[in-house]
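The next block is upload14.txt, given as compact mmCIF, C-alpha atoms and all ligand atoms.
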```
# COMPACT_ATOMS: atom_id res chain seq x y z
CA MET A 1 -9.91 9.73 -18.85
CA LYS A 2 -7.19 8.56 -21.18
CA PHE A 3 -4.35 6.56 -19.63
CA LEU A 4 -0.86 5.86 -20.94
CA VAL A 5 0.40 2.71 -19.22
CA THR A 6 4.03 1.84 -19.98
CA GLY A 7 5.37 -1.70 -19.57
CA GLY A 8 1.86 -3.15 -19.83
CA ALA A 9 3.13 -6.33 -21.51
CA GLY A 10 5.20 -7.20 -18.43
CA PHE A 11 4.21 -8.89 -15.19
CA ILE A 12 2.74 -6.12 -13.02
CA GLY A 13 1.86 -3.76 -15.88
CA GLY A 14 0.03 -6.64 -17.59
CA ASN A 15 -1.99 -7.46 -14.48
CA PHE A 16 -2.71 -3.73 -14.05
CA MET A 17 -3.96 -3.45 -17.64
CA HIS A 18 -6.34 -6.40 -17.10
CA TYR A 19 -7.64 -4.86 -13.88
CA MET A 20 -8.11 -1.32 -15.23
CA VAL A 21 -9.51 -2.17 -18.69
CA ASN A 22 -12.16 -4.40 -17.09
CA THR A 23 -12.92 -2.17 -14.08
CA TYR A 24 -13.20 1.15 -15.97
CA PRO A 25 -14.86 0.53 -19.36
CA GLU A 26 -15.49 4.28 -19.70
CA ASP A 27 -11.75 5.09 -19.57
CA GLU A 28 -9.28 4.55 -22.45
CA PHE A 29 -5.98 2.71 -22.02
CA VAL A 30 -2.93 2.84 -24.28
CA ASN A 31 -0.34 0.18 -23.46
CA LEU A 32 3.15 1.26 -24.56
CA ASP A 33 5.79 -1.45 -24.36
CA LYS A 34 9.17 -2.06 -26.03
CA LEU A 35 8.61 -5.83 -25.85
CA THR A 36 12.01 -6.64 -24.39
CA TYR A 37 12.70 -10.24 -23.31
CA ALA A 38 10.28 -9.56 -20.41
CA GLY A 39 7.44 -8.15 -22.52
CA ASN A 40 4.93 -10.65 -23.87
CA LEU A 41 1.82 -9.89 -25.92
CA GLU A 42 0.35 -13.24 -24.82
CA THR A 43 -0.10 -11.56 -21.43
CA CYS A 44 -2.41 -8.98 -23.07
CA LYS A 45 -4.46 -11.54 -25.06
CA PRO A 46 -7.46 -11.53 -22.66
CA ILE A 47 -7.99 -7.77 -23.21
CA GLU A 48 -6.67 -7.20 -26.72
CA ASP A 49 -10.14 -6.94 -28.30
CA LYS A 50 -11.63 -4.61 -25.69
CA PRO A 51 -12.81 -1.30 -27.21
CA ASN A 52 -11.07 0.77 -24.51
CA TYR A 53 -7.65 -0.87 -25.05
CA LYS A 54 -4.86 -0.23 -27.56
CA PHE A 55 -1.25 -1.52 -27.80
CA VAL A 56 1.64 0.58 -29.12
CA LYS A 57 5.18 -0.78 -29.47
CA GLY A 58 7.91 1.68 -28.49
CA ASP A 59 10.71 2.69 -26.15
CA ILE A 60 10.10 5.14 -23.28
CA ALA A 61 13.65 6.44 -23.77
CA ASP A 62 13.03 7.31 -27.46
CA ARG A 63 12.37 11.05 -27.12
CA ASP A 64 11.06 11.74 -30.65
CA PHE A 65 8.70 8.79 -30.49
CA ILE A 66 7.40 9.70 -27.02
CA PHE A 67 6.79 13.35 -27.88
CA GLN A 68 4.94 12.38 -31.08
CA LEU A 69 2.78 9.95 -29.12
CA PHE A 70 1.86 12.59 -26.52
CA GLU A 71 1.13 15.15 -29.27
CA LYS A 72 -1.28 12.70 -30.91
CA GLU A 73 -2.99 11.05 -27.92
CA HIS A 74 -3.62 13.80 -25.29
CA PHE A 75 -3.18 11.63 -22.19
CA ASP A 76 -4.74 12.56 -18.82
CA VAL A 77 -2.81 10.03 -16.74
CA VAL A 78 0.60 8.35 -17.20
CA VAL A 79 1.48 5.24 -15.18
CA ASN A 80 5.10 4.19 -15.64
CA PHE A 81 5.78 0.48 -15.08
CA ALA A 82 8.32 0.16 -17.92
CA ALA A 83 11.70 -0.81 -16.54
CA GLU A 84 14.47 -3.33 -16.56
CA SER A 85 13.37 -5.15 -13.43
CA HIS A 86 15.74 -8.01 -12.59
CA VAL A 87 18.48 -7.42 -10.00
CA ASP A 88 20.69 -10.27 -11.27
CA ARG A 89 20.68 -8.87 -14.83
CA SER A 90 21.57 -5.41 -13.48
CA ILE A 91 24.67 -6.90 -11.84
CA GLU A 92 25.75 -8.38 -15.20
CA ASP A 93 24.92 -5.37 -17.40
CA PRO A 94 23.97 -2.11 -15.62
CA GLU A 95 23.90 0.26 -18.60
CA ILE A 96 20.46 -0.58 -19.99
CA PHE A 97 19.10 -0.04 -16.45
CA VAL A 98 20.29 3.59 -16.58
CA LYS A 99 18.91 4.06 -20.07
CA THR A 100 15.43 2.64 -19.47
CA ASN A 101 14.85 3.23 -15.75
CA VAL A 102 16.40 6.71 -15.50
CA MET A 103 16.42 8.25 -18.98
CA GLY A 104 13.14 6.60 -19.95
CA THR A 105 11.54 8.14 -16.87
CA THR A 106 12.95 11.64 -17.52
CA THR A 107 11.77 11.42 -21.15
CA LEU A 108 8.23 10.67 -19.97
CA LEU A 109 8.42 13.46 -17.39
CA ASP A 110 9.56 15.96 -20.03
CA ALA A 111 6.65 14.99 -22.27
CA CYS A 112 4.24 15.39 -19.32
CA VAL A 113 5.58 18.89 -18.61
CA LYS A 114 5.27 19.90 -22.27
CA TYR A 115 1.81 18.46 -22.98
CA GLY A 116 0.29 18.62 -19.49
CA ILE A 117 -1.32 15.74 -17.56
CA LYS A 118 -3.55 15.34 -14.50
CA ARG A 119 -1.39 12.65 -12.87
CA TYR A 120 2.03 11.06 -13.46
CA HIS A 121 2.43 7.90 -11.38
CA GLN A 122 5.83 6.22 -10.94
CA VAL A 123 5.84 2.52 -10.02
CA SER A 124 8.81 2.14 -7.70
CA THR A 125 10.16 -0.42 -5.29
CA ASP A 126 11.05 -1.04 -1.65
CA GLU A 127 14.61 -1.72 -2.87
CA VAL A 128 15.30 2.04 -2.96
CA TYR A 129 15.52 1.88 0.86
CA GLY A 130 18.35 -0.70 0.80
CA ASP A 131 17.97 -3.50 3.34
CA LEU A 132 17.23 -4.13 7.02
CA PRO A 133 19.25 -6.38 9.36
CA LEU A 134 17.98 -9.93 9.89
CA ASP A 135 18.14 -9.63 13.69
CA ARG A 136 15.83 -6.56 13.99
CA PRO A 137 12.30 -7.76 13.15
CA ASP A 138 10.98 -4.57 14.80
CA LEU A 139 12.31 -2.40 11.93
CA PHE A 140 10.28 -1.54 8.79
CA PHE A 141 10.70 0.79 5.81
CA THR A 142 8.54 3.92 6.07
CA GLU A 143 8.27 6.70 3.49
CA GLU A 144 10.81 8.64 5.59
CA THR A 145 13.48 5.89 5.47
CA PRO A 146 16.49 7.34 3.62
CA ILE A 147 17.28 6.16 0.09
CA HIS A 148 20.23 3.77 0.43
CA THR A 149 20.52 1.47 -2.57
CA SER A 150 22.57 -1.70 -3.05
CA SER A 151 22.30 -2.87 -6.69
CA PRO A 152 22.53 -1.13 -10.08
CA TYR A 153 18.79 -1.91 -10.45
CA SER A 154 17.75 -0.23 -7.21
CA SER A 155 20.13 2.70 -7.83
CA ALA A 156 18.49 3.35 -11.19
CA LYS A 157 14.99 3.08 -9.68
CA ALA A 158 15.94 5.45 -6.83
CA SER A 159 17.42 7.91 -9.30
CA ALA A 160 14.18 7.87 -11.27
CA ASP A 161 12.20 8.53 -8.05
CA LEU A 162 14.36 11.57 -7.32
CA PHE A 163 13.70 12.96 -10.80
CA VAL A 164 9.96 12.42 -10.36
CA LEU A 165 9.98 14.36 -7.07
CA ALA A 166 12.19 17.08 -8.60
CA TYR A 167 9.71 17.57 -11.47
CA HIS A 168 6.97 18.07 -8.89
CA ARG A 169 8.93 20.68 -6.95
CA THR A 170 10.49 22.44 -9.97
CA TYR A 171 7.74 22.31 -12.60
CA GLY A 172 4.69 21.65 -10.40
CA LEU A 173 4.00 18.31 -12.16
CA PRO A 174 1.22 16.38 -10.33
CA VAL A 175 3.15 13.22 -9.46
CA THR A 176 2.74 10.29 -7.09
CA ILE A 177 5.11 7.38 -6.36
CA SER A 178 4.29 3.91 -5.03
CA ARG A 179 7.08 1.82 -3.54
CA CYS A 180 6.00 -1.81 -3.34
CA SER A 181 7.49 -4.95 -1.86
CA ASN A 182 8.09 -8.18 -3.84
CA ASN A 183 5.12 -9.17 -6.02
CA TYR A 184 4.01 -12.63 -7.09
CA GLY A 185 1.05 -13.92 -9.09
CA PRO A 186 -0.05 -14.72 -12.67
CA TYR A 187 2.16 -13.78 -15.67
CA HIS A 188 5.36 -13.51 -13.57
CA PHE A 189 8.46 -14.08 -15.71
CA PRO A 190 10.25 -17.27 -14.59
CA GLU A 191 13.61 -15.58 -13.93
CA LYS A 192 12.14 -14.35 -10.61
CA LEU A 193 12.15 -16.61 -7.53
CA ILE A 194 8.52 -17.79 -7.24
CA PRO A 195 7.77 -18.58 -10.92
CA LEU A 196 11.28 -20.05 -11.20
CA ILE A 197 10.51 -22.46 -8.35
CA ILE A 198 7.10 -23.41 -9.79
CA SER A 199 8.29 -23.96 -13.36
CA ARG A 200 11.41 -25.89 -12.39
CA ALA A 201 9.71 -27.99 -9.70
CA LEU A 202 6.98 -29.01 -12.15
CA ASN A 203 9.77 -30.28 -14.43
CA ASP A 204 11.53 -31.99 -11.45
CA GLU A 205 14.55 -29.69 -11.86
CA THR A 206 16.78 -28.37 -9.06
CA ILE A 207 15.81 -25.12 -7.30
CA PRO A 208 18.80 -22.75 -6.92
CA VAL A 209 18.81 -20.94 -3.56
CA TYR A 210 21.35 -18.14 -3.18
CA GLY A 211 23.68 -18.24 -0.15
CA THR A 212 22.01 -19.65 2.95
CA GLY A 213 18.41 -18.96 1.92
CA GLU A 214 17.93 -16.86 5.07
CA ASN A 215 17.35 -13.56 3.20
CA VAL A 216 13.86 -12.20 3.82
CA ARG A 217 11.42 -10.73 1.29
CA ASP A 218 7.96 -9.24 1.97
CA TRP A 219 5.56 -10.80 -0.57
CA LEU A 220 2.43 -9.18 -2.00
CA HIS A 221 0.02 -10.64 -4.55
CA VAL A 222 0.13 -8.56 -7.73
CA TYR A 223 -3.66 -7.98 -7.58
CA ASP A 224 -3.21 -6.05 -4.34
CA HIS A 225 -0.41 -3.96 -5.87
CA CYS A 226 -2.79 -3.05 -8.74
CA THR A 227 -5.59 -1.94 -6.41
CA ALA A 228 -3.09 0.16 -4.44
CA ILE A 229 -1.86 1.94 -7.58
CA ASP A 230 -5.43 2.57 -8.76
CA LEU A 231 -6.25 4.15 -5.39
CA ILE A 232 -3.11 6.30 -5.33
CA ILE A 233 -3.72 7.59 -8.87
CA ARG A 234 -7.29 8.60 -8.04
CA LYS A 235 -7.00 9.71 -4.41
CA GLY A 236 -3.30 10.16 -3.60
CA ARG A 237 -1.86 13.58 -2.85
CA ASP A 238 0.41 15.31 -5.38
CA GLY A 239 4.12 14.93 -4.64
CA GLU A 240 3.59 12.06 -2.18
CA VAL A 241 5.24 8.65 -1.84
CA TYR A 242 3.15 5.66 -0.68
CA ASN A 243 4.66 2.39 0.56
CA VAL A 244 2.77 -0.77 -0.50
CA GLY A 245 3.08 -4.10 1.35
CA GLY A 246 0.98 -6.63 3.23
CA HIS A 247 3.25 -7.83 6.07
CA ASN A 248 4.04 -11.20 4.49
CA GLU A 249 7.69 -11.66 5.34
CA ARG A 250 9.26 -15.03 4.54
CA THR A 251 12.83 -16.29 4.24
CA ASN A 252 13.66 -17.52 0.75
CA LEU A 253 13.96 -21.04 2.12
CA GLN A 254 10.43 -20.80 3.59
CA VAL A 255 9.13 -19.67 0.20
CA VAL A 256 10.83 -22.53 -1.64
CA LYS A 257 9.59 -25.14 0.86
CA THR A 258 6.01 -23.77 0.79
CA VAL A 259 5.86 -24.05 -3.01
CA LEU A 260 7.51 -27.50 -3.08
CA HIS A 261 5.04 -28.83 -0.49
CA ALA A 262 2.07 -27.37 -2.37
CA LEU A 263 3.27 -29.12 -5.54
CA ASN A 264 4.01 -32.34 -3.67
CA LYS A 265 7.67 -32.18 -4.73
CA PRO A 266 10.64 -33.23 -2.54
CA GLU A 267 12.86 -30.76 -0.66
CA SER A 268 15.82 -32.62 -2.15
CA LEU A 269 15.33 -30.44 -5.25
CA ILE A 270 16.77 -27.51 -3.24
CA THR A 271 20.36 -26.69 -4.29
CA PHE A 272 22.35 -24.01 -2.52
CA VAL A 273 24.34 -21.91 -5.00
CA ALA A 274 26.72 -18.92 -4.81
CA ASP A 275 25.17 -15.84 -3.22
CA ARG A 276 24.03 -12.80 -5.24
CA LYS A 277 26.64 -10.00 -5.10
CA GLY A 278 25.55 -7.31 -2.61
CA HIS A 279 22.49 -9.43 -1.70
CA ASP A 280 20.01 -7.37 0.36
CA LEU A 281 19.25 -9.13 3.64
CA ARG A 282 15.69 -8.18 4.52
CA TYR A 283 12.88 -6.07 3.09
CA ALA A 284 9.83 -5.21 5.21
CA MET A 285 7.29 -2.53 4.37
CA ASP A 286 5.23 -0.34 6.65
CA PRO A 287 2.09 0.45 4.58
CA THR A 288 0.35 2.47 7.34
CA LYS A 289 0.13 5.67 5.25
CA LEU A 290 -1.63 3.90 2.37
CA GLU A 291 -3.99 2.10 4.76
CA THR A 292 -4.95 5.07 6.93
CA GLU A 293 -4.93 7.87 4.34
CA LEU A 294 -6.44 5.99 1.37
CA GLY A 295 -8.16 3.03 3.06
CA TRP A 296 -6.25 0.34 1.10
CA LYS A 297 -6.61 -3.27 2.28
CA PRO A 298 -5.00 -6.28 0.58
CA LYS A 299 -7.27 -9.13 -0.54
CA TYR A 300 -4.63 -11.88 -0.31
CA THR A 301 -2.26 -13.14 2.37
CA PHE A 302 0.76 -15.21 1.35
CA ASP A 303 -1.13 -18.34 2.45
CA THR A 304 -4.10 -17.60 0.15
CA GLY A 305 -2.15 -16.00 -2.72
CA ILE A 306 0.38 -18.79 -3.24
CA PRO A 307 -2.19 -21.57 -3.96
CA GLN A 308 -4.03 -19.22 -6.36
CA THR A 309 -0.73 -18.48 -8.14
CA ILE A 310 0.31 -22.13 -8.34
CA GLN A 311 -3.08 -23.00 -9.80
CA TRP A 312 -2.62 -20.30 -12.45
CA TYR A 313 0.73 -21.80 -13.49
CA LEU A 314 -0.85 -25.25 -13.67
CA ASP A 315 -3.72 -23.93 -15.80
CA ASN A 316 -1.50 -21.80 -18.07
CA LYS A 317 1.43 -24.07 -18.85
CA GLU A 318 1.62 -22.87 -22.44
CA TRP A 319 2.33 -19.29 -21.31
CA TRP A 320 5.47 -20.19 -19.33
CA GLU A 321 6.57 -23.22 -21.36
CA ASN A 322 6.87 -20.93 -24.41
CA ILE A 323 9.17 -18.66 -22.40
CA ILE A 324 11.45 -21.29 -20.92
CA SER A 325 11.88 -23.15 -24.21
CA GLY A 326 13.42 -20.14 -26.01
CA GLU A 327 16.24 -17.65 -25.30
CA TYR A 328 15.62 -18.28 -21.59
CA GLN A 329 17.70 -21.49 -21.86
CA ASN A 330 20.80 -19.39 -22.74
CA TYR A 331 20.02 -17.04 -19.84
CA PHE A 332 19.78 -19.92 -17.37
CA GLN A 333 23.00 -21.48 -18.69
CA LYS A 334 24.89 -18.16 -18.35
CA MET A 335 23.53 -17.15 -14.93
CA TYR A 336 23.40 -20.52 -13.15
CA VAL A 337 25.52 -23.12 -14.95
CA ASP A 338 28.55 -21.32 -16.44
CA LYS A 339 29.21 -19.22 -13.29
P1 LIG B 401 8.82 -6.90 -15.99
O1 LIG B 401 10.26 -7.03 -16.27
O2 LIG B 401 7.97 -8.12 -15.90
O3 LIG B 401 8.13 -5.96 -17.09
C1 LIG B 401 8.74 -4.80 -17.58
C2 LIG B 401 8.03 -4.40 -18.86
O4 LIG B 401 8.60 -3.16 -19.31
C3 LIG B 401 8.20 -5.41 -20.00
O5 LIG B 401 6.96 -5.62 -20.65
C4 LIG B 401 9.19 -4.74 -20.93
O6 LIG B 401 9.04 -5.10 -22.29
C5 LIG B 401 8.88 -3.27 -20.70
N1 LIG B 401 10.01 -2.39 -21.01
C6 LIG B 401 11.30 -2.53 -20.64
N2 LIG B 401 12.04 -1.52 -21.12
C7 LIG B 401 11.20 -0.71 -21.79
C8 LIG B 401 11.37 0.52 -22.50
N3 LIG B 401 12.58 1.08 -22.61
N4 LIG B 401 10.30 1.10 -23.06
C9 LIG B 401 9.07 0.51 -22.97
N5 LIG B 401 8.85 -0.65 -22.35
C10 LIG B 401 9.91 -1.24 -21.74
O7 LIG B 401 8.73 -6.03 -14.65
P2 LIG B 401 7.67 -6.07 -13.47
O8 LIG B 401 8.12 -7.04 -12.45
O9 LIG B 401 6.31 -6.16 -14.03
O10 LIG B 401 7.89 -4.61 -12.84
C11 LIG B 401 7.16 -3.50 -13.34
C12 LIG B 401 7.55 -2.27 -12.55
O11 LIG B 401 7.27 -2.47 -11.17
C13 LIG B 401 9.04 -1.93 -12.63
O12 LIG B 401 9.17 -0.53 -12.71
C14 LIG B 401 9.61 -2.45 -11.33
O13 LIG B 401 10.73 -1.70 -10.93
C15 LIG B 401 8.44 -2.22 -10.40
N6 LIG B 401 8.34 -3.12 -9.23
C16 LIG B 401 8.40 -4.47 -9.38
C17 LIG B 401 8.23 -5.31 -8.28
C18 LIG B 401 8.26 -6.82 -8.43
O14 LIG B 401 8.25 -7.53 -7.42
N7 LIG B 401 8.28 -7.38 -9.63
C19 LIG B 401 8.01 -4.75 -7.01
C20 LIG B 401 7.98 -3.36 -6.88
C21 LIG B 401 8.13 -2.56 -8.00
O1 LIG B 402 11.33 -5.88 -3.64
C1 LIG B 402 10.84 -5.51 -4.88
C2 LIG B 402 11.70 -6.11 -5.97
O2 LIG B 402 11.43 -7.51 -5.97
C3 LIG B 402 11.45 -5.50 -7.33
O3 LIG B 402 11.80 -4.15 -7.31
C4 LIG B 402 12.24 -6.24 -8.41
O4 LIG B 402 11.91 -5.73 -9.69
C5 LIG B 402 11.89 -7.71 -8.33
O5 LIG B 402 12.65 -8.44 -9.28
C6 LIG B 402 12.13 -8.26 -6.94
O6 LIG B 402 13.54 -8.26 -6.63
P1 LIG B 402 14.24 -9.47 -5.82
O7 LIG B 402 15.67 -9.48 -6.15
O8 LIG B 402 13.86 -9.43 -4.39
O9 LIG B 402 13.44 -10.72 -6.48
P2 LIG B 402 13.96 -12.14 -7.03
O10 LIG B 402 12.75 -12.92 -7.37
O11 LIG B 402 15.01 -11.98 -8.07
O12 LIG B 402 14.64 -12.78 -5.76
C7 LIG B 402 13.90 -12.96 -4.54
C8 LIG B 402 14.86 -13.53 -3.51
O13 LIG B 402 15.21 -14.88 -3.90
C9 LIG B 402 16.18 -12.78 -3.41
O14 LIG B 402 16.60 -12.77 -2.05
C10 LIG B 402 17.15 -13.59 -4.24
C11 LIG B 402 16.63 -15.01 -4.08
N1 LIG B 402 16.81 -15.90 -5.25
C12 LIG B 402 16.40 -15.46 -6.46
C13 LIG B 402 16.54 -16.26 -7.59
C14 LIG B 402 16.11 -15.76 -8.95
C15 LIG B 402 17.35 -17.16 -5.08
O15 LIG B 402 17.70 -17.57 -3.96
N2 LIG B 402 17.49 -17.95 -6.18
C16 LIG B 402 17.12 -17.55 -7.44
O16 LIG B 402 17.32 -18.33 -8.42
```

Taking this structure as input, can you express it in the form of structure tokens?
Amino acid sequence: MKFLVTGGAGFIGGNFMHYMVNTYPEDEFVNLDKLTYAGNLETCKPIEDKPNYKFVKGDIADRDFIFQLFEKEHFDVVVNFAAESHVDRSIEDPEIFVKTNVMGTTTLLDACVKYGIKRYHQVSTDEVYGDLPLDRPDLFFTEETPIHTSSPYSSAKASADLFVLAYHRTYGLPVTISRCSNNYGPYHFPEKLIPLIISRALNDETIPVYGTGENVRDWLHVYDHCTAIDLIIRKGRDGEVYNVGGHNERTNLQVVKTVLHALNKPESLITFVADRKGHDLRYAMDPTKLETELGWKPKYTFDTGIPQTIQWYLDNKEWWENIISGEYQNYFQKMYVDK
């Protein structure tokens, strides 16, 4: 089978490319990525010479380019990771989130309808369900939870999901959607909480915690997200949504303290800063459908995944030091210092 994987130079797409290229040597993989600030070809280095792997630079929202690519390559499967992914950036500048996350998705869907594919898989997020209250630990997101978004990012992702489902109903496109909770692991861009804590703590810099630090996220190691997507592509039912999560809820303050302790760094690095606008309180996934229907089981818990991730950042300093020494400095100044 020939796969088009979009956003494969980013965090999750990059980990997915590593997993798939190595696990399925008989399949072919084309990695299409625009190489925005979040895309990094260093992430693809370990697989770049594999015979079943090819990189193409391009924009999923560039209709002419996408149609030419589909005409030439005859894909069987499309997996769409490409997106603007950071909530804080979406609050500053929503427009690119509509262009990439919504119009990029509809461009891919149109190409799939025209050229035909066996599976279109949309990589979505638990954020489309909005948030849960902090005082109701009995509540979880299921696939039936109504869409109820908070940020420009999650609104664009939810909009894309609705188009994907509409293309199934209207044109009979064989689609699936995975909605996953917060990921962590190797190659995570250090604007996101966990790699931000690791990279700053290793440099003895302050760790900014939004608001009270009581907001809850449900953390999943990226490897387990990749195995879930692989399973859904191969065995999932057309037109279905699958929630992905491993029941690893932590408050942000718990996450920060866990990482600081593991690095032997003092809690005095923690600095409370202004809260994120519209900050979602709690995410918590119910992955029962994925577990019972497709037999998915995560390999990592938070307690085993965090030390593995920290070790990766210690062993791969060059990867993240290159990022934080460049344009990232201006980003940090604008988002954390000038505000
Ligand atoms: P990321 O920001 O690390 O990577 C995004 C990648 O997409 C980058 O390589 C970037 O260059 C590329 N890209 C951006 N715009 C593009 C365009 N117009 N055309 C082609 N490529 C483009 O993001 P991530 O954290 O790896 O997230 C990947 C996907 O998974 C996203 O769709 C995101 O919504 C979803 N998701 C993320 C999480 C998480 O915790 N990170 C959880 C659930 C779902
Ligand atoms: O839930 C899935 C989502 O997880 C994905 O769809 C998004 O693409 C991904 O970015 C992530 O979104 P979050 O907003 O939850 O992740 P982030 O790492 O930005 O923040 C995690 C929590 O930590 C959140 O409650 C905000 C808080 N935070 C974040 C940063 C960057 C801080 O307190 N300080 C920070 O500096």

At a cut-off of 7 Å and counting all atoms listed in the file, what residues surround ligand LIG 401 (chain B)? Please answer as a PDB file with C-alpha atoms, in the frame of the given file.
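Wrote result-v2.pdb, looks like this:
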```
ATOM      1  CA  THR A   6       4.030   1.840 -19.980  1.00  0.00           C
ATOM      2  CA  GLY A   7       5.370  -1.700 -19.570  1.00  0.00           C
ATOM      3  CA  GLY A   8       1.860  -3.150 -19.830  1.00  0.00           C
ATOM      4  CA  ALA A   9       3.130  -6.330 -21.510  1.00  0.00           C
ATOM      5  CA  GLY A  10       5.200  -7.200 -18.430  1.00  0.00           C
ATOM      6  CA  PHE A  11       4.210  -8.890 -15.190  1.00  0.00           C
ATOM      7  CA  ILE A  12       2.740  -6.120 -13.020  1.00  0.00           C
ATOM      8  CA  GLY A  13       1.860  -3.760 -15.880  1.00  0.00           C
ATOM      9  CA  LEU A  32       3.150   1.260 -24.560  1.00  0.00           C
ATOM     10  CA  ASP A  33       5.790  -1.450 -24.360  1.00  0.00           C
ATOM     11  CA  LYS A  34       9.170  -2.060 -26.030  1.00  0.00           C
ATOM     12  CA  LEU A  35       8.610  -5.830 -25.850  1.00  0.00           C
ATOM     13  CA  THR A  36      12.010  -6.640 -24.390  1.00  0.00           C
ATOM     14  CA  TYR A  37      12.700 -10.240 -23.310  1.00  0.00           C
ATOM     15  CA  ALA A  38      10.280  -9.560 -20.410  1.00  0.00           C
ATOM     16  CA  GLY A  39       7.440  -8.150 -22.520  1.00  0.00           C
ATOM     17  CA  ASN A  40       4.930 -10.650 -23.870  1.00  0.00           C
ATOM     18  CA  GLY A  58       7.910   1.680 -28.490  1.00  0.00           C
ATOM     19  CA  ASP A  59      10.710   2.690 -26.150  1.00  0.00           C
ATOM     20  CA  ILE A  60      10.100   5.140 -23.280  1.00  0.00           C
ATOM     21  CA  ALA A  61      13.650   6.440 -23.770  1.00  0.00           C
ATOM     22  CA  ASN A  80       5.100   4.190 -15.640  1.00  0.00           C
ATOM     23  CA  PHE A  81       5.780   0.480 -15.080  1.00  0.00           C
ATOM     24  CA  ALA A  82       8.320   0.160 -17.920  1.00  0.00           C
ATOM     25  CA  ALA A  83      11.700  -0.810 -16.540  1.00  0.00           C
ATOM     26  CA  GLU A  84      14.470  -3.330 -16.560  1.00  0.00           C
ATOM     27  CA  SER A  85      13.370  -5.150 -13.430  1.00  0.00           C
ATOM     28  CA  HIS A  86      15.740  -8.010 -12.590  1.00  0.00           C
ATOM     29  CA  THR A 100      15.430   2.640 -19.470  1.00  0.00           C
ATOM     30  CA  GLY A 104      13.140   6.600 -19.950  1.00  0.00           C
ATOM     31  CA  VAL A 123       5.840   2.520 -10.020  1.00  0.00           C
ATOM     32  CA  SER A 124       8.810   2.140  -7.700  1.00  0.00           C
ATOM     33  CA  THR A 125      10.160  -0.420  -5.290  1.00  0.00           C
ATOM     34  CA  ASP A 126      11.050  -1.040  -1.650  1.00  0.00           C
ATOM     35  CA  LYS A 157      14.990   3.080  -9.680  1.00  0.00           C
ATOM     36  CA  ARG A 179       7.080   1.820  -3.540  1.00  0.00           C
ATOM     37  CA  CYS A 180       6.000  -1.810  -3.340  1.00  0.00           C
ATOM     38  CA  SER A 181       7.490  -4.950  -1.860  1.00  0.00           C
ATOM     39  CA  ASN A 182       8.090  -8.180  -3.840  1.00  0.00           C
ATOM     40  CA  ASN A 183       5.120  -9.170  -6.020  1.00  0.00           C
ATOM     41  CA  TYR A 184       4.010 -12.630  -7.090  1.00  0.00           C
ATOM     42  CA  HIS A 188       5.360 -13.510 -13.570  1.00  0.00           C
ATOM     43  CA  PHE A 189       8.460 -14.080 -15.710  1.00  0.00           C
TER      44      PHE A 189
END
```

Quiz item: Of the candidates A:Glu321, A:Asp275, A:Glu291, A:Glu143, which one gets nearest to Tyr336 (chain A) if we count all atoms listed in the file?
Solution: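 Between A:Glu321, A:Asp275, A:Glu291, A:Glu143, the residue approaching Tyr336 (chain A) most closely is A:Asp275.
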
Quiz item: Which one is closest to ligand LIG 402 (chain B): A:Tyr19, A:Phe29, A:Phe55, A:Tyr283? Count only C-alpha atoms and all ligand atoms.
Solution: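 Going through A:Tyr19, A:Phe29, A:Phe55, A:Tyr283 one by one, the smallest distance to ligand LIG 402 (chain B) is for A:Tyr283.
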
Quiz item: How many Å lie between CA of Thr288 (chain A) and CA of Gly245 (chain A), rounded to one decimal?
Solution: 9.3 Å

Quiz item: Counting only C-alpha atoms, what is within 8 Å of region 223-225 of chain A, bar same-chain residues fewer than 3 positions away, as a PyMOL selection string?
Solution: chain A and resi 15-16+180+183+185+220+228-229+244+297-300

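For the set A:Val175, A:Met285, A:Ile232, A:Ala166, the residue with the smallest atom-to-atom gap to Asp218 (chain A) is A:Met285, counting only C-alpha atoms.
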
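Counting all atoms listed in the file and comparing A:Tyr331, A:Tyr153, A:Trp319, A:Tyr313, the residue that lies closest to ligand LIG 402 (chain B) is A:Tyr153.
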
I'd like the box whose edges run along x, y and z of the file and which contains every listed atom of ligand LIG 402 (chain B), padded by 4 Å per side; could you state its centre and edge lengths in Å, one decimal, as lines of an AutoDock Vina configuration file?
```
center_x = 14.3
center_y = -11.2
center_z = -5.9
size_x = 14.9
size_y = 22.2
size_z = 15.6
```

Quick one: everything within 8 Å of region 201-207 of chain A, counting only C-alpha atoms, minus sequence neighbours fewer than 2 positions away in the same chain. Send it as an mmCIF file with C-alpha atoms, keeping the file's coordinate frame.
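Ended up saving to selection.cif:
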```
data_model
loop_
_atom_site.group_PDB
_atom_site.id
_atom_site.type_symbol
_atom_site.label_atom_id
_atom_site.label_comp_id
_atom_site.auth_asym_id
_atom_site.auth_seq_id
_atom_site.Cartn_x
_atom_site.Cartn_y
_atom_site.Cartn_z
ATOM 1 C CA LEU A 196 11.280 -20.050 -11.200
ATOM 2 C CA ILE A 197 10.510 -22.460 -8.350
ATOM 3 C CA ILE A 198 7.100 -23.410 -9.790
ATOM 4 C CA SER A 199 8.290 -23.960 -13.360
ATOM 5 C CA VAL A 209 18.810 -20.940 -3.560
ATOM 6 C CA VAL A 256 10.830 -22.530 -1.640
ATOM 7 C CA LEU A 260 7.510 -27.500 -3.080
ATOM 8 C CA LEU A 263 3.270 -29.120 -5.540
ATOM 9 C CA LYS A 265 7.670 -32.180 -4.730
ATOM 10 C CA LEU A 269 15.330 -30.440 -5.250
ATOM 11 C CA ILE A 270 16.770 -27.510 -3.240
ATOM 12 C CA THR A 271 20.360 -26.690 -4.290
#
```
